[in-house]
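Take a look at the structure set out below.
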Amino acid sequence: MDKDFKFTNAVIGLPLFFVLFLWFVYWIEIRFHFDFVENGIYPRTFSGLQGVIFSPFIHSNLNHLYNNSIPLLVLLAALQFFYSKQSIQVVGYGILFSGILTWMIGRESYHIGASGLIYVLFAFIFFKGIMTQYYRLVALSLAIITVYGGMIWYVFPKVDDKISWEGHLAGFITGFVLALLYQTPEFKKVPKYEWEMPDYNPAEDKFMQRFDENGNFVNLSVIDTEEEIQSYYSSNFDVNYDIVTNEKNESKPES
């Protein structure tokens, strides 16, 4: 399984390009005195649907952008390294569906920022690692929850009125659903023993037959020799067996 984890240029390139693009958009906004806030998600309005695509790239101030940049670098790098086959789909569908859900449940205000995507990545990496039951991915899930576990409080209302808890909740739900939908058979544990096989039947196991229903060790019943021979051979003709001594190994009597 470890062969599926390959360090490529995309592990650094994808998160770096994404974060630099966010800073580029913010630079354009302050350099040319634009105001992109109205291009964010405004729930339950037709014009507010544009924010489903645009809102992750819009930030209100430098502090907002900085706080989103570090988690994005870490989580996108982890996603690309451990889930390279699913990374582009998770980012793309994560932005789309978390944005739509925010548009549906959000309060009447403009919702902007990449924090929704951060919650998508957080939930996907955490739940997917637990589901695979592969030790390296489980360790990654534990590392993610240790470092960013405090984010979970911000999916609840009234924790901080200045943040879009609706966007956080939408991202968290979207990441969880994507973790369920995207299958990772490459990380499935290969059965090593007979009892790990899906069609394993304990009743047919000779070893398990030596235990009764209470778990006590018992001896198997002695099978009659003729019954044992008949169970292995069948014929329509009678078969007679003669015992022939091996004269080569016998010593001859002295004369």
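Ligands are numbered from 1 in the order shown, residues from 1 within each chain, and chains are lettered A, B, ... in the order they appear in the structure tokens.
Taking only C-alpha atoms, the non-local environment of region 67-76 of chain A within 8 Å (same-chain residues fewer than 6 positions away omitted) comprises Val11, Leu14, Pro15, Leu16, Val19, Gly113, Ala114, Ser115, Ile118, Leu121 and Phe122 of chain A.
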- Would you list the contacts of Thr45 (chain A) as number ranges by chain, taking every protein, DNA or RNA residue within 12 Å and counting only C-alpha atoms, but skipping same-chain residues closer than 3 positions in sequence? A: 40-42, 48-52, 100, 102-110
Can I get the selected residues back with C-alpha atoms, as a compact mmCIF listing (two decimals), in the first residue's frame?
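Below is the file selection-v6.txt, written as the result:
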```txt
# COMPACT_ATOMS: atom_id res chain seq x y z
CA GLY A 40 -19.74 36.31 -2.42
CA ILE A 41 -22.60 33.98 -1.54
CA TYR A 42 -25.83 35.78 -0.68
CA GLY A 48 -25.95 35.26 -4.77
CA LEU A 49 -25.35 31.99 -6.61
CA GLN A 50 -22.24 33.48 -8.23
CA GLY A 51 -20.60 33.28 -4.84
CA VAL A 52 -20.69 29.47 -4.99
CA ILE A 100 -24.63 25.50 -2.62
CA THR A 102 -24.22 27.64 2.33
CA TRP A 103 -26.50 29.40 -0.14
CA MET A 104 -29.39 27.27 1.14
CA ILE A 105 -28.88 27.54 4.92
CA GLY A 106 -26.93 30.79 5.37
CA ARG A 107 -28.20 33.94 7.01
CA GLU A 108 -28.93 36.96 4.81
CA SER A 109 -25.42 38.32 4.49
CA TYR A 110 -22.46 37.94 2.13
```
- Message: With only C-alpha atoms as the counted atoms, please give the residues lying no more than 12 Å from Val91 (chain A), apart from itself and same-chain residues fewer than 5 positions off, as a PyMOL selection string.
- Response: chain A and resi 14-15+18+53+56+72+75-77+79-80+83-86+96-99+114+116-122+124-125+171+174-175+178
- Message: Taking 4 positions as the minimum chain separation for residues in the same chain, which residues sit within 8 Å of Ala139 (chain A) when counting only C-alpha atoms? Answer as a PyMOL selection string.
- Response: chain A and resi 129+135+143
At a cut-off of 9 Å, using only C-alpha atoms, what residues contact Phe57 (chain A)? Leave out same-chain residues fewer than 5 positions from it and give the result as a compact mmCIF listing (two decimals) with all heavy atoms, in the first residue's frame.
```txt
# COMPACT_ATOMS: atom_id res chain seq x y z
N PHE A 21 -2.78 32.17 -5.60
CA PHE A 21 -3.89 32.75 -6.38
C PHE A 21 -4.81 33.56 -5.46
O PHE A 21 -5.32 34.62 -5.86
CB PHE A 21 -4.66 31.64 -7.09
CG PHE A 21 -5.74 32.16 -8.00
CD1 PHE A 21 -5.41 32.74 -9.22
CD2 PHE A 21 -7.08 32.09 -7.63
CE1 PHE A 21 -6.40 33.23 -10.07
CE2 PHE A 21 -8.08 32.58 -8.46
CZ PHE A 21 -7.73 33.15 -9.69
N LEU A 22 -5.04 33.07 -4.25
CA LEU A 22 -5.86 33.82 -3.30
C LEU A 22 -5.22 35.18 -2.98
O LEU A 22 -5.91 36.20 -2.93
CB LEU A 22 -6.04 33.03 -1.99
CG LEU A 22 -6.75 31.68 -2.07
CD1 LEU A 22 -6.92 31.10 -0.68
CD2 LEU A 22 -8.08 31.78 -2.77
N TRP A 23 -3.90 35.16 -2.78
CA TRP A 23 -3.20 36.42 -2.50
C TRP A 23 -3.19 37.34 -3.72
O TRP A 23 -3.25 38.56 -3.58
CB TRP A 23 -1.76 36.12 -2.06
CG TRP A 23 -1.69 35.65 -0.64
CD1 TRP A 23 -1.91 34.38 -0.18
CD2 TRP A 23 -1.41 36.44 0.51
NE1 TRP A 23 -1.78 34.33 1.18
CE2 TRP A 23 -1.45 35.59 1.64
CE3 TRP A 23 -1.10 37.79 0.71
CZ2 TRP A 23 -1.22 36.03 2.94
CZ3 TRP A 23 -0.87 38.25 2.01
CH2 TRP A 23 -0.93 37.37 3.10
N VAL A 25 -5.60 37.55 -5.99
CA VAL A 25 -6.94 38.15 -6.06
C VAL A 25 -7.06 39.29 -5.05
O VAL A 25 -7.61 40.36 -5.36
CB VAL A 25 -8.02 37.08 -5.80
CG1 VAL A 25 -9.40 37.72 -5.66
CG2 VAL A 25 -8.03 36.05 -6.92
N TYR A 26 -6.53 39.06 -3.85
CA TYR A 26 -6.60 40.10 -2.83
C TYR A 26 -5.75 41.31 -3.22
O TYR A 26 -6.15 42.47 -2.99
CB TYR A 26 -6.14 39.55 -1.48
CG TYR A 26 -6.26 40.53 -0.35
CD1 TYR A 26 -7.51 40.86 0.18
CD2 TYR A 26 -5.14 41.16 0.19
CE1 TYR A 26 -7.64 41.78 1.21
CE2 TYR A 26 -5.26 42.08 1.22
CZ TYR A 26 -6.51 42.38 1.72
OH TYR A 26 -6.63 43.31 2.74
N ILE A 112 -18.04 34.98 2.44
CA ILE A 112 -16.83 34.93 1.63
C ILE A 112 -15.73 34.20 2.40
O ILE A 112 -15.81 34.00 3.61
CB ILE A 112 -16.35 36.35 1.25
CG1 ILE A 112 -16.08 37.16 2.52
CG2 ILE A 112 -17.34 37.05 0.34
CD1 ILE A 112 -15.46 38.53 2.26
N GLY A 113 -14.69 33.81 1.67
CA GLY A 113 -13.53 33.18 2.29
C GLY A 113 -13.40 31.71 1.95
O GLY A 113 -14.37 31.05 1.58
N ALA A 114 -12.19 31.20 2.11
CA ALA A 114 -11.88 29.80 1.79
C ALA A 114 -12.08 28.87 2.97
O ALA A 114 -11.69 27.71 2.90
CB ALA A 114 -10.44 29.69 1.28
```
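The interatomic distance for the pair CA of Asn39 (chain A) and CA of Ser87 (chain A) works out to 26.1 Å.
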- Message: Can you tell me which residues surround Phe126 (chain A) at a distance of at most 8 Å, considering only C-alpha atoms, apart from same-chain residues fewer than 2 positions away, and format the answer as a PyMOL selection string?
- Response: chain A and resi 122-124+128-130+138+140-142+144-145
Write the residues of the selection above to a file with C-alpha atoms, as an mmCIF file, in the first residue's frame.
```cif
data_model
loop_
_atom_site.group_PDB
_atom_site.id
_atom_site.type_symbol
_atom_site.label_atom_id
_atom_site.label_comp_id
_atom_site.auth_asym_id
_atom_site.auth_seq_id
_atom_site.Cartn_x
_atom_site.Cartn_y
_atom_site.Cartn_z
ATOM 1 C CA PHE A 122 -10.531 18.679 7.276
ATOM 2 C CA ALA A 123 -13.627 16.456 7.307
ATOM 3 C CA PHE A 124 -12.612 14.435 4.247
ATOM 4 C CA LYS A 128 -11.594 8.907 5.141
ATOM 5 C CA GLY A 129 -8.575 7.884 7.191
ATOM 6 C CA ILE A 130 -10.780 6.310 9.857
ATOM 7 C CA VAL A 138 -5.535 6.595 10.640
ATOM 8 C CA LEU A 140 -2.980 11.144 9.573
ATOM 9 C CA SER A 141 -6.565 11.484 10.827
ATOM 10 C CA LEU A 142 -5.359 11.630 14.417
ATOM 11 C CA ILE A 144 -5.364 16.358 11.743
ATOM 12 C CA ILE A 145 -7.792 16.221 14.653
#
```
- as a VMD selection string, list the residues of region 37-92 of chain A assigned to alpha helix (DSSP H) by DSSP on the backbone atoms of this structure. chain A and resid 51 to 54 62 to 82 87 to 92
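Atom to atom, CA of Leu137 (chain A) and CA of Ala179 (chain A) stand 12.8 Å apart.
As for CA of Trp153 (chain A) and CA of Phe172 (chain A), they are spaced 11.4 Å apart.
Using only C-alpha atoms, the nearest neighbour of Thr132 (chain A) within the list A:Met208, A:Phe46, A:Tyr182, A:Leu62 is A:Tyr182.
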- Message: I'd like the neighbourhood of Met151 (chain A) as a ChimeraX atom specification, where a residue qualifies if any of its atoms comes within 9 Å (using only C-alpha atoms), though same-chain residues fewer than 3 positions away should be ignored.
- Response: /A:119,148,154-155,168
